Structures are given as structure tokens and as C-alpha cells.
Amino acid sequence: MAKTIFTIGYEQATQAAVLSALREARVEVVADIRYLPLSRRPGFSKSPLRAAVEEAGMAYRHFRHVGTPPEGRAAARRGDRETLRRVYAGQLELPEALAHMAELRQLALEKRTCLLCYCREADDCHRALLMEALFADFERVDLTPDLVGTRE
């Protein structure tokens, strides 16, 4: 049976919508894969996000070293996928990243884990690159929280 890894981006979503999508998918661990877990969006900086995730009955873990360094984030904002790919590949070769990758993979083998980042679309984000590098043998399920101001 194939293992499943979930991904979610909080761009244009509220914290409540993200938590709802995570609960609906029965996620057990939210793996925050942002290099800097800070956000201008209310509720998505590390401390308030951790508190909300834990209050919702899930575990929260931050994996800084599989996040995108500043040069990669700038490339992603410009839509420069090739630079993002190059910078991120270099990031994943660092000893700290390799350690976080091993820990994250083991966690995903044991619990329903969701990779969290800002970008709404995983294919526009380093989440897709991390999937290629670490979870190629997993089924990927991209969760899409309701957008701000919309209802299903």
C-alpha cells in the first residue's frame, strides 16, 4: 500500500479554513517547511499557528532546513522556477537539511503528515521540489483550503 503525504498552502486562506482542510483529511502532524515561519497573514506565524494546530488535536513541527532560503523565495516570487530549483537543490544538500529530511520522512511513514507552506499551488512552490527529492514513492494529496470570502 502506497504511503500518502499531504501538502497545503495558506495563501488567500484563513487559519480556520486551513485547519478545517487539515481536520477533514485527518492529518495528524503539520510539518511547517518554511525557512522563516513568519507571516503577515493573521494566525500563520509559528507561535499562533502551533497553538491553533495543537488546539485542533494535531501535532506541529517546524523543519526550517527544508525551507527555501531567501534567494529561492525571491526567485519563486518572480516565477523563476529554474533559479528556485537550483537554489533549493543546493539547500537540500546541506547537512542540516539532510537531517531534517530523514526526520520528516520517518515521521511521514508513521503518521498522516501534511507539508505546510505559503504558496496555494504546490507545483509553484518548493513543496513540489521536496516531494521529488524525498517523497517520490508517496502518493501526494494537495489540500486546498477555502479562499478568503468564499464558501463551498
# chains A, B, ... in the order shown; residues from 1 in each chain; ligands from 1

call {"tool": "closest_atom_pairs", "arguments": {"of": "region 21-85 of chain A", "to": "region 103-117 of chain A", "cutoff": "9 Å", "atoms": "only C-alpha atoms", "output": "CSV"}}
result
residue,atom,partner,partner_atom,distance
A:Leu22,CA,A:Cys114,CA,7.9
A:Ala25,CA,A:Arg112,CA,8.8
A:Arg26,CA,A:Arg112,CA,7.2
A:Val27,CA,A:Arg112,CA,5.0
A:Glu28,CA,A:Arg112,CA,5.1
A:Val29,CA,A:Thr113,CA,4.8
A:Val30,CA,A:Cys114,CA,5.1
A:Ala31,CA,A:Leu115,CA,4.9
A:Asp32,CA,A:Leu116,CA,4.8
A:Ile33,CA,A:Leu116,CA,5.9
A:Arg34,CA,A:Cys117,CA,5.7
A:Pro37,CA,A:Cys117,CA,8.8
A:Phe63,CA,A:Leu104,CA,7.8
A:Gly67,CA,A:Cys117,CA,8.7

call {"tool": "residues_around", "arguments": {"residues": "Gly90 (chain A)", "least_positions_apart": "3", "cutoff": "12 Å", "atoms": "only C-alpha atoms", "output": "PyMOL selection string"}}
result
chain A and resi 65-69+71-72+83-87+93-98+129+133

call {"tool": "write_last_selection", "arguments": {"atoms": "C-alpha atoms", "output": "tab-separated table (two decimals), in the first residue's frame"}}
result
chain	number	residue	atom	x	y	z
A	65	HIS	CA	16.25	23.43	6.91
A	66	VAL	CA	13.96	22.06	4.19
A	67	GLY	CA	12.59	25.57	3.70
A	68	THR	CA	13.62	27.86	0.89
A	69	PRO	CA	16.47	30.30	1.59
A	71	GLU	CA	17.36	33.72	-2.85
A	72	GLY	CA	14.95	30.87	-3.61
A	83	THR	CA	16.58	29.52	-10.12
A	84	LEU	CA	14.24	28.22	-7.41
A	85	ARG	CA	15.08	24.64	-8.42
A	86	ARG	CA	18.84	25.33	-8.40
A	87	VAL	CA	18.86	27.19	-5.08
A	93	GLU	CA	22.48	19.10	0.15
A	94	LEU	CA	23.32	20.82	3.45
A	95	PRO	CA	23.88	18.50	6.45
A	96	GLU	CA	21.11	20.21	8.43
A	97	ALA	CA	18.66	19.72	5.56
A	98	LEU	CA	19.63	16.07	5.18
A	129	LEU	CA	10.60	20.00	-5.24
A	133	ALA	CA	13.54	14.69	-3.57

call {"tool": "closest_residue", "arguments": {"among": "A:Thr4, A:Ser39, A:Ser47, A:Ser20", "to": "Cys119 (chain A)", "atoms": "only C-alpha atoms"}}
result
A:Ser39

call {"tool": "closest_residue", "arguments": {"among": "A:Ala17, A:Ala99, A:Ala2, A:Gln91", "to": "Ala52 (chain A)", "atoms": "only C-alpha atoms"}}
result
A:Ala17

call {"tool": "residues_around", "arguments": {"residues": "Glu121 (chain A)", "least_positions_apart": "2", "cutoff": "12 Å", "atoms": "only C-alpha atoms", "output": "list in words"}}
result
Thr7, Ile8, Gly9, Tyr10, Glu11, Gln12, Ala76, Leu116, Cys117, Tyr118, Cys119, Asp123, Asp124, Cys125, His126, Arg127, Ala128, Val141, Asp142, Leu143, Thr144 and Pro145 of chain A

call {"tool": "write_last_selection", "arguments": {"atoms": "C-alpha atoms", "output": "PDB file, in the first residue's frame"}}
result
ATOM      1  CA  THR A   7       0.515  19.352   1.250  1.00  0.00           C
ATOM      2  CA  ILE A   8      -1.232  22.644   1.923  1.00  0.00           C
ATOM      3  CA  GLY A   9      -0.592  26.304   1.220  1.00  0.00           C
ATOM      4  CA  TYR A  10      -2.270  29.060   3.186  1.00  0.00           C
ATOM      5  CA  GLU A  11      -2.128  31.783   0.517  1.00  0.00           C
ATOM      6  CA  GLN A  12      -5.532  33.543   0.356  1.00  0.00           C
ATOM      7  CA  ALA A  76       9.653  31.922  -6.568  1.00  0.00           C
ATOM      8  CA  LEU A 116       2.662  23.397   5.035  1.00  0.00           C
ATOM      9  CA  CYS A 117       3.948  26.471   3.218  1.00  0.00           C
ATOM     10  CA  TYR A 118       2.568  29.752   1.891  1.00  0.00           C
ATOM     11  CA  CYS A 119       2.015  29.044  -1.823  1.00  0.00           C
ATOM     12  CA  ASP A 123       3.600  22.984  -8.133  1.00  0.00           C
ATOM     13  CA  ASP A 124       4.584  26.674  -7.885  1.00  0.00           C
ATOM     14  CA  CYS A 125       6.342  26.065  -4.585  1.00  0.00           C
ATOM     15  CA  HIS A 126       9.291  24.246  -3.078  1.00  0.00           C
ATOM     16  CA  ARG A 127       6.765  21.675  -1.752  1.00  0.00           C
ATOM     17  CA  ALA A 128       6.785  20.022  -5.193  1.00  0.00           C
ATOM     18  CA  VAL A 141      -2.565  14.864  -1.952  1.00  0.00           C
ATOM     19  CA  ASP A 142      -2.714  18.649  -2.225  1.00  0.00           C
ATOM     20  CA  LEU A 143      -5.265  20.102   0.177  1.00  0.00           C
ATOM     21  CA  THR A 144      -6.920  23.336  -0.911  1.00  0.00           C
ATOM     22  CA  PRO A 145      -8.486  25.387   1.865  1.00  0.00           C
TER      23      PRO A 145
END

call {"tool": "closest_residue", "arguments": {"among": "A:Ala13, A:Leu134, A:Met101, A:Val18", "to": "Arg41 (chain A)", "atoms": "only C-alpha atoms"}}
result
A:Ala13

call {"tool": "residues_around", "arguments": {"residues": "region 14-16 of chain A", "least_positions_apart": "4", "cutoff": "7 Å", "atoms": "only C-alpha atoms", "output": "list of chain:residue names"}}
result
A:Ser20, A:Gly43, A:Phe44, A:Val148

call {"tool": "write_last_selection", "arguments": {"atoms": "C-alpha atoms", "output": "PDB file, in the first residue's frame"}}
result
ATOM      1  CA  SER A  20     -10.722  22.702   8.549  1.00  0.00           C
ATOM      2  CA  GLY A  43      -2.554  33.245  12.552  1.00  0.00           C
ATOM      3  CA  PHE A  44       0.229  31.871  10.358  1.00  0.00           C
ATOM      4  CA  VAL A 148     -10.976  34.131   1.873  1.00  0.00           C
TER       5      VAL A 148
END

call {"tool": "closest_residue", "arguments": {"among": "A:Ala56, A:Asp137, A:Phe6, A:Tyr88", "to": "Ala74 (chain A)", "atoms": "only C-alpha atoms"}}
result
A:Tyr88

call {"tool": "select_by_dssp", "arguments": {"residues": "region 16-118 of chain A", "states": "strand (DSSP E)", "output": "ChimeraX atom specification"}}
result
/A:29-32,59-62,113-117

call {"tool": "write_last_selection", "arguments": {"atoms": "C-alpha atoms", "output": "tab-separated table (two decimals), in the first residue's frame"}}
result
chain	number	residue	atom	x	y	z
A	29	VAL	CA	1.13	16.22	12.03
A	30	VAL	CA	1.54	19.60	10.36
A	31	ALA	CA	5.11	19.87	9.07
A	32	ASP	CA	5.85	23.56	8.60
A	59	ALA	CA	0.99	18.00	16.27
A	60	TYR	CA	3.05	20.86	14.83
A	61	ARG	CA	6.68	20.50	13.76
A	62	HIS	CA	8.91	23.10	12.11
A	113	THR	CA	1.65	14.27	7.72
A	114	CYS	CA	0.97	17.48	5.81
A	115	LEU	CA	3.67	19.78	4.44
A	116	LEU	CA	2.66	23.40	5.04
A	117	CYS	CA	3.95	26.47	3.22

call {"tool": "closest_residue", "arguments": {"among": "A:Glu24, A:Arg77, A:Arg120, A:Leu19", "to": "Val53 (chain A)", "atoms": "only C-alpha atoms"}}
result
A:Leu19

call {"tool": "select_by_dssp", "arguments": {"residues": "chain A", "states": "alpha helix (DSSP H)", "output": "VMD selection string"}}
result
chain A and resid 15 to 24 46 to 55 70 to 78 81 to 92 95 to 110 126 to 134

call {"tool": "atom_distance", "arguments": {"atom1": "CA of Pro48 (chain A)", "atom2": "CA of Leu130 (chain A)"}}
result
25.0 Å
